[in-house]
Number of protein chains: 2
Amino acid sequence: MTLVGKVLVAQAGGPTAVINQSLVGAVLESRKFNQITKIYGALKGVEGIVNENFLDLTKETTNNLEKVAKTPSSALLSTRVKPDEKYCAEMFKVMQAHEIRYFFYIGGNDSADTVRIINENALRANYEMRSIHIPKTIDNDLVINDHTPGYGSAARFVAQAFSGVNLDNRAMGGVYIGVIMGRHAGFMTAASALGQKYPDDGPHLIYLPERAFNIDKFLFDVKAVYQKYGRCVIAVSEGIQDELGTPILSKLKGQLEQDHHGNVQLSGTGALGDLLAETIKDKLKISRVRSDTFGYLQRSYLGVVSDIDQQEAREVGEKAAQFALWNNIDGSIVIERTGYYSVDYRLVPLEDIAGKTKLMEDAFINESGNGVTDAFKFYLRPLLGSGFNTPHRLRAPLADKILNK
Amino acid sequence: MTLVGKVLVAQAGGPTAVINQSLVGAVLESRKFNQITKIYGALKGVEGIVNENFLDLTKETTNNLEKVAKTPSSALLSTRVKPDEKYCAEMFKVMQAHEIRYFFYIGGNDSADTVRIINENALRANYEMRSIHIPKTIDNDLVINDHTPGYGSAARFVAQAFSGVNLDNRAMGGVYIGVIMGRHAGFMTAASALGQKYPDDGPHLIYLPERAFNIDKFLFDVKAVYQKYGRCVIAVSEGIQDELGTPILSKLKGQLEQDHHGNVQLSGTGALGDLLAETIKDKLKISRVRSDTFGYLQRSYLGVVSDIDQQEAREVGEKAAQFALWNNIDGSIVIERTGYYSVDYRLVPLEDIAGKTKLMEDAFINESGNGVTDAFKFYLRPLLGSGFNTPHRLRAPLADKILNK
């Protein structure tokens with residue numbers, strides 16, 4: 001039986017470069033079905049649902065939707081509200097009042113859980129409604145999915161950034177540390193490896209949250225690379241922690257307190273990189289040590305995007321509408337890799353995704369725990385998309401010396 | 001009379017996205033002249049000259065040179081050595097021994113001074129040699145030049161970054177601070193303004209080294225923007241200083257010491273942004289305040305480049321060879337704007353450029369000293385090149401409320 005009513009789309013959590021592709025995919029696909037009376041977009045995620053702040057996307061031109069699709073960050077804006085059971089019940093009440101029959105929620109594993117709870121509310125109320133979770137996260141940490149929309153573009157930003165800073169470090173010398181997003185999963189940091197082209201290119205060392213970080217081992221690694229190449233480029237996850245799960249930032253803080261007999265102000269985003277740089281200067285006596293924290297550029301930079309990621313983000317939106325409208329089922333869309341490189345999509349139960357975190361598998365991390373394997377590079381490469389830039393070097397021979405023969 | 005001998009090209013100082021275009025422009029143009037016996041490239045700038053570490057670029061394929069031209073950062077590598085008179089005399093001795101008759105040096109105002117001194121050495125030794133300074137700096141701070149090669153691409157990186165982080169801030173709320181390169185001239189920081197599209201877009205506030213920075217005025221500005229838009233995006237130059245020329249970083253450090261009764265570790269690059277963020281949190285009681293320091297990505301990011309900048313960087317290299325080989329004269333190449341948008345090049349005496357710093361003119365800075373004028377935006381826009389991305393917004397109307405009428 002055909003379920004007549006409105007579509008509601010919302011975006012959750014942190015922005016990505018392609019989250020609006022999923023929005024536009026769901027909207028444009030929904031428009032093709034006669035049983036859809038209107039298509040609403042909730043402003044500021046769950047907040048907009050509770051407060052009935054809906055844009056009537058039925059009145060958007062296809063042309064403008066296509067432009068918005070190419071714009072990074074959440075076009076429907078976002079919120080920091082984390083809905084609990086009670087909040088979800090309120091959201092459901094609003095959906096019921098507006099005769100929302102199709103709910104598409106674009107987000108990470110928390111969002112899958114929100115969809116799950118709303119689905120339960122609908123079941124309890126005997127209110128027929130299709131609820132679908134559309135995957136999105138630069139962290140690439142959703143289980144079952146081969147990868148998540150948003151990751152490819154963010155990974156491309158990181159890889160091209162490291163390709164560039166490696167050239168900078170090669171020209172200027174010293175040690176360079178880039179601190180990368182990803183509190184639990186190391187996929188973003190690992191993407192730095194795709195910036196390597198020539199065998200002596202950085203990042204020479206990569207530290208992931210999946211492996212316990214030891215400051216002495218770190219200094220040992222840096223010293224070895226510096227002795228070999230006269231320089232060192234390092235990628236560090238913001239989420240690195242020791243074997244007990246203590247974030248390295250707080251450990252280093254203690255260490256520097258002892259060194260300098262004072263309190264260190266740690267709030268703000270540059271702290272981990274700065275403190276690692278300081279430690280290298282102190283202990284290894286290397287004078288030129290620089291650190292950058294890539295920060296929000298990683299998820300919202302305008303103009304660096306993977307076309308593969310764009311297309312897949314569009315398709316998960318389209319598939320959400322198709323599963324709900326053709327098949328009349330709920331769940332979470334997952335991306336499956338079917339070839340090198342091709343994908344297909346299927347629907348899995350919401351509880352299979354909700355609240356679970358995927359970490360990097362062992363086969364992707366090298367034995368020393370300070371780099372990635374070729375298997376990881378092979379996995380990631382197609383996700384970066386076409387037109388990925390690589391550097392080129394001069395190959396001319398050295399000329400003969402005259403004065404210093 | 002035709003001056004027969006070798007060409008020597010070298011690259012100085014910090015890398016840019018297009019510095020290799022100038023190198024390749026000078027090399028390929030020099031190849032067309034019969035009086036050129038060989039073309040050398042000095043490895044690591046002045047260091048390579050003193051040590052006779054020359055690549056024989058005569059043996060590079062044109063194909064590879066074109067690929068290197070598109071690669072950011074100095075293909076001939078760089079050095080942190082600042083040559084004095086004695087060092088320049090040694091350099092000249094090596095040039096004479098190698099029968100270098102044409103010296104092309106790509107760099108900023110310090111490099112123009114190096115060329116000037118070497119030129120004087122040649123005159124004193126009665127050794128005929130053409131010495132040309134080829135302009136390069138992301139800081140855009142060379143006098144006489146309308147702008148400098150390297151600036152357009154770095155400005156594009158900054159503008160697109162702010163376009164993206166503005167969207168991020170719009171979706172997530174709070175205050176965002178981006179700290180931008182440029183210790184004396186504010187051109188790089190000012191480029192953030194080109195990330196604005198809609199009237200309420202950030203950066204809402206821009207702080208340049210050309211205007212004295214007052215922390216109370218800053219907090220007043222931030223508060224006003226935050227009250228108006230419920231959010232605030234700020235671009236800050238790393239070089240901001242107070243009316244006495246004291247860097248703000250050291251002032252804030254003092255302030256925080258008083259607050260926290262301890263020493264603050266200030267080395268490393270994230271410190272200024274973190275401290276400004278901390279001050280806003282403390283004084284304005286705004287909870288979500290984030291800061292990023294864009295760091296080295298600004299000058300070496302692989303894949304963000306202005307095509308106009310590429311072309312001009314190529315041409316200043318070509319013109320250097322042409323002035324030296326056709327006109328038999330020395331000097332510094334300068335870029336003149338001849339239309340909107342077109343340029344031409346001329347040669348000025350080295351001493352007109354050497355050691356001088358151009359700052360942003362008053363007409364480019366707003367009255368409050370916390371933003372730029374339309375005149376600046378008009379000046380900068382063509383330098384960003386073609387295919388510059390802009391964001392798009394949803395324009396759909398709000399739907400009627402049912403429960404909260």
# chains A, B, ... in the order shown; residues from 1 in each chain; ligands from 1
$ closest_atom_pairs --of "chain B" --to "chain A" --cutoff "6 Å" --atoms "only C-alpha atoms" --output "JSON lines"
{"residue": "B:Glu52", "atom": "CA", "partner": "A:Lys401", "partner_atom": "CA", "distance": 5.8}
{"residue": "B:Phe54", "atom": "CA", "partner": "A:Ala399", "partner_atom": "CA", "distance": 5.4}
{"residue": "B:Leu55", "atom": "CA", "partner": "A:Leu398", "partner_atom": "CA", "distance": 4.4}
{"residue": "B:Asp56", "atom": "CA", "partner": "A:Ala399", "partner_atom": "CA", "distance": 5.3}
{"residue": "B:Leu57", "atom": "CA", "partner": "A:Ala396", "partner_atom": "CA", "distance": 5.6}
{"residue": "B:Lys59", "atom": "CA", "partner": "A:Ala396", "partner_atom": "CA", "distance": 5.7}
{"residue": "B:Glu60", "atom": "CA", "partner": "A:Ala396", "partner_atom": "CA", "distance": 5.4}
{"residue": "B:Lys67", "atom": "CA", "partner": "A:His392", "partner_atom": "CA", "distance": 5.9}
{"residue": "B:Val68", "atom": "CA", "partner": "A:His392", "partner_atom": "CA", "distance": 5.0}
{"residue": "B:Thr71", "atom": "CA", "partner": "A:Pro391", "partner_atom": "CA", "distance": 5.2}
{"residue": "B:Ser73", "atom": "CA", "partner": "A:Asp168", "partner_atom": "CA", "distance": 5.6}
{"residue": "B:Leu77", "atom": "CA", "partner": "A:Ala171", "partner_atom": "CA", "distance": 4.0}
{"residue": "B:Ser78", "atom": "CA", "partner": "A:Ala171", "partner_atom": "CA", "distance": 4.9}
{"residue": "B:Gln160", "atom": "CA", "partner": "A:Leu302", "partner_atom": "CA", "distance": 5.3}
{"residue": "B:Ala161", "atom": "CA", "partner": "A:Tyr301", "partner_atom": "CA", "distance": 5.2}
{"residue": "B:Gly164", "atom": "CA", "partner": "A:Tyr301", "partner_atom": "CA", "distance": 4.6}
{"residue": "B:Val165", "atom": "CA", "partner": "A:Ser300", "partner_atom": "CA", "distance": 6.0}
{"residue": "B:Leu167", "atom": "CA", "partner": "A:Ser73", "partner_atom": "CA", "distance": 5.8}
{"residue": "B:Asp168", "atom": "CA", "partner": "A:Ser73", "partner_atom": "CA", "distance": 5.6}
{"residue": "B:Ala171", "atom": "CA", "partner": "A:Leu77", "partner_atom": "CA", "distance": 4.0}
{"residue": "B:Met172", "atom": "CA", "partner": "A:Ser78", "partner_atom": "CA", "distance": 5.6}
{"residue": "B:Gly262", "atom": "CA", "partner": "A:Asn263", "partner_atom": "CA", "distance": 4.8}
{"residue": "B:Asn263", "atom": "CA", "partner": "A:Gly262", "partner_atom": "CA", "distance": 4.9}
{"residue": "B:Val264", "atom": "CA", "partner": "A:Val264", "partner_atom": "CA", "distance": 5.0}
{"residue": "B:Gly268", "atom": "CA", "partner": "A:Asp274", "partner_atom": "CA", "distance": 4.7}
{"residue": "B:Gly270", "atom": "CA", "partner": "A:Gly270", "partner_atom": "CA", "distance": 4.1}
{"residue": "B:Asp274", "atom": "CA", "partner": "A:Gly268", "partner_atom": "CA", "distance": 4.6}
{"residue": "B:Asp292", "atom": "CA", "partner": "A:Gly295", "partner_atom": "CA", "distance": 5.7}
{"residue": "B:Gly295", "atom": "CA", "partner": "A:Asp292", "partner_atom": "CA", "distance": 5.7}
{"residue": "B:Ser300", "atom": "CA", "partner": "A:Gly164", "partner_atom": "CA", "distance": 4.8}
{"residue": "B:Tyr301", "atom": "CA", "partner": "A:Gly164", "partner_atom": "CA", "distance": 4.6}
{"residue": "B:Leu302", "atom": "CA", "partner": "A:Gly164", "partner_atom": "CA", "distance": 4.8}
{"residue": "B:Pro391", "atom": "CA", "partner": "A:Thr71", "partner_atom": "CA", "distance": 5.2}
{"residue": "B:His392", "atom": "CA", "partner": "A:Val68", "partner_atom": "CA", "distance": 5.0}
{"residue": "B:Arg393", "atom": "CA", "partner": "A:Val68", "partner_atom": "CA", "distance": 5.9}
{"residue": "B:Ala396", "atom": "CA", "partner": "A:Glu60", "partner_atom": "CA", "distance": 5.4}
{"residue": "B:Pro397", "atom": "CA", "partner": "A:Leu55", "partner_atom": "CA", "distance": 5.6}
{"residue": "B:Leu398", "atom": "CA", "partner": "A:Leu55", "partner_atom": "CA", "distance": 4.4}
{"residue": "B:Ala399", "atom": "CA", "partner": "A:Asp56", "partner_atom": "CA", "distance": 5.3}
{"residue": "B:Lys401", "atom": "CA", "partner": "A:Glu52", "partner_atom": "CA", "distance": 5.8}
$ residues_around --residues "Leu3 of chain A" --least-positions-apart "2" --cutoff "12 Å" --atoms "only C-alpha atoms" --output "VMD selection string"
chain A and resid 1 5 to 7 33 to 37 99 to 102 127 to 130 324 to 329
$ write_last_selection --atoms "C-alpha atoms" --output "mmCIF file, in the first residue's frame"
data_model
loop_
_atom_site.group_PDB
_atom_site.id
_atom_site.type_symbol
_atom_site.label_atom_id
_atom_site.label_comp_id
_atom_site.auth_asym_id
_atom_site.auth_seq_id
_atom_site.Cartn_x
_atom_site.Cartn_y
_atom_site.Cartn_z
ATOM 1 C CA MET A 1 0.000 0.000 0.000
ATOM 2 C CA GLY A 5 2.741 12.059 3.256
ATOM 3 C CA LYS A 6 5.685 14.381 3.685
ATOM 4 C CA VAL A 7 9.405 13.756 3.546
ATOM 5 C CA PHE A 33 7.199 9.932 -6.272
ATOM 6 C CA ASN A 34 3.512 10.921 -6.427
ATOM 7 C CA GLN A 35 2.788 9.860 -2.835
ATOM 8 C CA ILE A 36 5.116 12.606 -1.533
ATOM 9 C CA THR A 37 3.034 15.661 -0.674
ATOM 10 C CA GLU A 99 2.303 13.989 8.697
ATOM 11 C CA ILE A 100 5.922 13.196 8.050
ATOM 12 C CA ARG A 101 5.893 9.670 6.604
ATOM 13 C CA TYR A 102 9.494 9.532 5.436
ATOM 14 C CA TYR A 127 2.163 5.411 13.199
ATOM 15 C CA GLU A 128 3.429 4.172 9.881
ATOM 16 C CA MET A 129 6.654 5.941 8.990
ATOM 17 C CA ARG A 130 9.841 5.045 7.121
ATOM 18 C CA ALA A 324 11.848 3.902 1.679
ATOM 19 C CA LEU A 325 9.574 4.567 -1.271
ATOM 20 C CA TRP A 326 9.979 1.438 -3.406
ATOM 21 C CA ASN A 327 10.714 -1.152 -0.747
ATOM 22 C CA ASN A 328 8.856 0.326 2.207
ATOM 23 C CA ILE A 329 11.598 -0.549 4.685
#
$ residues_around --residues "Tyr207 of chain B" --least-positions-apart "3" --cutoff "9 Å" --atoms "only C-alpha atoms" --output "list in words"
Gly186, Thr189, Ala190, Glu210, Arg211, Ala212, Phe213, Phe218, Ile234, Ala235, Val236, Ser237, Ile240, Gly369, Asn370 and Gly371 of chain B
$ select_by_dssp --residues "segment 294-381 of chain B" --states "alpha helix (DSSP H)" --output "PyMOL selection string"
chain B and resi 297-300+307-322+350-353+374-380
$ residues_around --residues "Asn119 of chain B" --least-positions-apart "2" --cutoff "8 Å" --atoms "only C-alpha atoms" --output "ChimeraX atom specification"
/B:115-117,121-123,129-131
$ write_last_selection --atoms "N, CA and C atoms" --output "mmCIF file, in the first residue's frame"
data_model
loop_
_atom_site.group_PDB
_atom_site.id
_atom_site.type_symbol
_atom_site.label_atom_id
_atom_site.label_comp_id
_atom_site.auth_asym_id
_atom_site.auth_seq_id
_atom_site.Cartn_x
_atom_site.Cartn_y
_atom_site.Cartn_z
ATOM 1 N N VAL B 115 71.368 40.239 -4.874
ATOM 2 C CA VAL B 115 71.705 40.458 -6.289
ATOM 3 C C VAL B 115 72.465 41.777 -6.444
ATOM 4 N N ARG B 116 72.020 42.794 -5.718
ATOM 5 C CA ARG B 116 72.667 44.113 -5.780
ATOM 6 C C ARG B 116 74.141 44.014 -5.374
ATOM 7 N N ILE B 117 74.419 43.309 -4.283
ATOM 8 C CA ILE B 117 75.798 43.196 -3.794
ATOM 9 C C ILE B 117 76.659 42.396 -4.770
ATOM 10 N N ASN B 121 80.088 43.440 -6.827
ATOM 11 C CA ASN B 121 81.311 42.629 -6.887
ATOM 12 C C ASN B 121 81.786 42.469 -8.326
ATOM 13 N N ALA B 122 80.836 42.192 -9.213
ATOM 14 C CA ALA B 122 81.180 41.998 -10.628
ATOM 15 C C ALA B 122 81.752 43.282 -11.215
ATOM 16 N N LEU B 123 81.128 44.418 -10.866
ATOM 17 C CA LEU B 123 81.594 45.716 -11.370
ATOM 18 C C LEU B 123 83.022 45.991 -10.902
ATOM 19 N N MET B 129 78.797 40.730 -16.223
ATOM 20 C CA MET B 129 77.769 39.771 -15.816
ATOM 21 C C MET B 129 76.433 40.487 -15.664
ATOM 22 N N ARG B 130 75.387 39.840 -16.126
ATOM 23 C CA ARG B 130 74.032 40.385 -15.929
ATOM 24 C C ARG B 130 73.411 39.705 -14.717
ATOM 25 N N SER B 131 72.885 40.524 -13.797
ATOM 26 C CA SER B 131 72.252 39.984 -12.580
ATOM 27 C C SER B 131 70.832 40.509 -12.479
#
$ closest_residue --among "A:Ser192, A:Asn214, A:Val179, A:Ser30" --to "Thr246 of chain A" --atoms "only C-alpha atoms"
A:Asn214
$ select_by_dssp --residues "segment 23-227 of chain B" --states "strand (DSSP E or B)" --output "tab-separated table (two decimals) with N, CA and C atoms, in the first residue's frame"
chain	number	residue	atom	x	y	z
B	36	ILE	N	74.23	31.25	-24.79
B	36	ILE	CA	74.19	30.52	-23.51
B	36	ILE	C	74.83	29.16	-23.69
B	37	THR	N	75.91	28.91	-22.96
B	37	THR	CA	76.63	27.64	-23.09
B	37	THR	C	76.00	26.55	-22.22
B	38	LYS	N	75.58	26.93	-21.03
B	38	LYS	CA	74.93	25.98	-20.12
B	38	LYS	C	73.99	26.71	-19.18
B	39	ILE	N	73.04	25.98	-18.61
B	39	ILE	CA	72.13	26.57	-17.62
B	39	ILE	C	72.23	25.78	-16.33
B	40	TYR	N	72.73	26.44	-15.30
B	40	TYR	CA	72.89	25.80	-14.00
B	40	TYR	C	71.79	26.25	-13.04
B	41	GLY	N	71.44	25.36	-12.14
B	41	GLY	CA	70.54	25.71	-11.04
B	41	GLY	C	71.25	25.45	-9.74
B	42	ALA	N	71.32	26.44	-8.86
B	42	ALA	CA	72.02	26.27	-7.58
B	42	ALA	C	71.11	25.55	-6.59
B	54	PHE	N	75.67	22.67	-8.15
B	54	PHE	CA	74.85	23.10	-9.28
B	54	PHE	C	74.23	21.91	-10.00
B	55	LEU	N	72.95	21.98	-10.30
B	55	LEU	CA	72.34	21.02	-11.22
B	55	LEU	C	72.55	21.55	-12.64
B	56	ASP	N	72.89	20.67	-13.55
B	56	ASP	CA	73.02	21.09	-14.94
B	56	ASP	C	71.65	21.00	-15.63
B	100	ILE	N	79.85	32.07	-15.13
B	100	ILE	CA	78.44	32.47	-15.09
B	100	ILE	C	78.38	33.91	-15.61
B	101	ARG	N	77.60	34.14	-16.65
B	101	ARG	CA	77.48	35.50	-17.20
B	101	ARG	C	76.08	36.07	-16.99
B	102	TYR	N	75.17	35.17	-16.58
B	102	TYR	CA	73.79	35.61	-16.34
B	102	TYR	C	73.31	34.98	-15.05
B	103	PHE	N	72.96	35.82	-14.09
B	103	PHE	CA	72.53	35.32	-12.78
B	103	PHE	C	71.07	35.76	-12.55
B	104	PHE	N	70.19	34.78	-12.40
B	104	PHE	CA	68.77	35.06	-12.14
B	104	PHE	C	68.41	34.54	-10.75
B	105	TYR	N	67.98	35.45	-9.89
B	105	TYR	CA	67.74	35.07	-8.49
B	105	TYR	C	66.28	35.35	-8.12
B	106	ILE	N	65.56	34.28	-7.81
B	106	ILE	CA	64.12	34.37	-7.53
B	106	ILE	C	63.91	34.52	-6.02
B	107	GLY	N	63.36	35.66	-5.59
B	107	GLY	CA	63.16	35.83	-4.15
B	107	GLY	C	62.50	37.15	-3.80
B	130	ARG	N	75.39	39.84	-16.13
B	130	ARG	CA	74.03	40.39	-15.93
B	130	ARG	C	73.41	39.71	-14.72
B	131	SER	N	72.89	40.52	-13.80
B	131	SER	CA	72.25	39.98	-12.58
B	131	SER	C	70.83	40.51	-12.48
B	132	ILE	N	69.89	39.61	-12.44
B	132	ILE	CA	68.49	40.02	-12.39
B	132	ILE	C	67.76	39.37	-11.21
B	133	HIS	N	67.04	40.20	-10.51
B	133	HIS	CA	66.18	39.72	-9.41
B	133	HIS	C	64.78	39.46	-9.94
B	134	ILE	N	64.29	38.24	-9.69
B	134	ILE	CA	62.94	37.85	-10.11
B	134	ILE	C	62.05	37.84	-8.87
B	135	PRO	N	60.97	38.64	-8.86
B	135	PRO	CA	60.18	38.79	-7.63
B	135	PRO	C	59.41	37.53	-7.25
B	174	GLY	N	29.14	29.77	17.37
B	174	GLY	CA	30.32	30.12	18.14
B	174	GLY	C	31.23	31.12	17.43
B	175	VAL	N	32.46	31.17	17.94
B	175	VAL	CA	33.46	32.10	17.39
B	175	VAL	C	34.60	31.30	16.78
B	176	TYR	N	35.04	31.71	15.60
B	176	TYR	CA	36.16	31.04	14.93
B	176	TYR	C	37.24	32.07	14.62
B	177	ILE	N	38.49	31.73	14.97
B	177	ILE	CA	39.64	32.58	14.68
B	177	ILE	C	40.59	31.84	13.76
B	178	GLY	N	40.94	32.44	12.64
B	178	GLY	CA	41.97	31.88	11.76
B	178	GLY	C	43.18	32.79	11.77
B	179	VAL	N	44.35	32.23	12.13
B	179	VAL	CA	45.57	33.03	12.18
B	179	VAL	C	46.36	32.83	10.88
B	180	ILE	N	46.69	33.96	10.25
B	180	ILE	CA	47.23	33.95	8.89
B	180	ILE	C	48.66	34.48	8.86
B	205	LEU	N	35.47	40.10	11.01
B	205	LEU	CA	36.50	41.00	11.53
B	205	LEU	C	37.86	40.56	11.00
B	206	ILE	N	38.67	41.54	10.62
B	206	ILE	CA	40.00	41.25	10.06
B	206	ILE	C	41.02	42.16	10.75
B	207	TYR	N	42.04	41.56	11.36
B	207	TYR	CA	43.05	42.35	12.07
B	207	TYR	C	44.41	42.23	11.39
$ residues_around --residues "Arg337 of chain B" --least-positions-apart "6" --cutoff "8 Å" --atoms "only C-alpha atoms" --output "list in words"
Asp146, Val343 and Asp344 of chain B
$ atom_distance --atom1 "atom CA of Gly108 of chain A" --atom2 "atom CA of Glu90 of chain A"
21.0 Å
$ atom_distance --atom1 "atom CA of Met181 of chain A" --atom2 "atom CA of Asp374 of chain A"
21.8 Å
$ residues_around --residues "Tyr341 of chain A" --least-positions-apart "2" --cutoff "10 Å" --atoms "only C-alpha atoms" --output "mmCIF file with N, CA and C atoms, in the first residue's frame"
data_model
loop_
_atom_site.group_PDB
_atom_site.id
_atom_site.type_symbol
_atom_site.label_atom_id
_atom_site.label_comp_id
_atom_site.auth_asym_id
_atom_site.auth_seq_id
_atom_site.Cartn_x
_atom_site.Cartn_y
_atom_site.Cartn_z
ATOM 1 N N ILE A 308 34.605 11.164 -6.626
ATOM 2 C CA ILE A 308 34.048 9.868 -6.216
ATOM 3 C C ILE A 308 33.193 10.042 -4.958
ATOM 4 N N ARG A 337 31.992 -2.174 -1.220
ATOM 5 C CA ARG A 337 32.913 -2.135 -2.359
ATOM 6 C C ARG A 337 32.703 -3.402 -3.165
ATOM 7 N N THR A 338 32.418 -3.263 -4.459
ATOM 8 C CA THR A 338 32.128 -4.437 -5.285
ATOM 9 C C THR A 338 33.205 -4.689 -6.337
ATOM 10 N N GLY A 339 34.179 -3.775 -6.454
ATOM 11 C CA GLY A 339 35.260 -3.930 -7.422
ATOM 12 C C GLY A 339 36.290 -2.867 -7.153
ATOM 13 N N VAL A 343 31.134 0.468 -6.318
ATOM 14 C CA VAL A 343 30.409 0.246 -5.062
ATOM 15 C C VAL A 343 28.945 -0.073 -5.334
ATOM 16 N N TYR A 379 43.555 0.607 -0.514
ATOM 17 C CA TYR A 379 42.164 0.820 -0.077
ATOM 18 C C TYR A 379 41.738 2.269 -0.316
ATOM 19 N N ARG A 381 43.199 4.864 -2.134
ATOM 20 C CA ARG A 381 43.485 5.612 -3.360
ATOM 21 C C ARG A 381 42.252 5.979 -4.199
ATOM 22 N N PRO A 382 41.358 5.016 -4.507
ATOM 23 C CA PRO A 382 40.224 5.399 -5.367
ATOM 24 C C PRO A 382 39.291 6.411 -4.709
ATOM 25 N N LEU A 383 39.239 6.436 -3.387
ATOM 26 C CA LEU A 383 38.319 7.338 -2.693
ATOM 27 C C LEU A 383 38.732 8.804 -2.848
#
$ atom_distance --atom1 "atom CA of Leu219 of chain B" --atom2 "atom CA of Gln196 of chain B"
21.8 Å
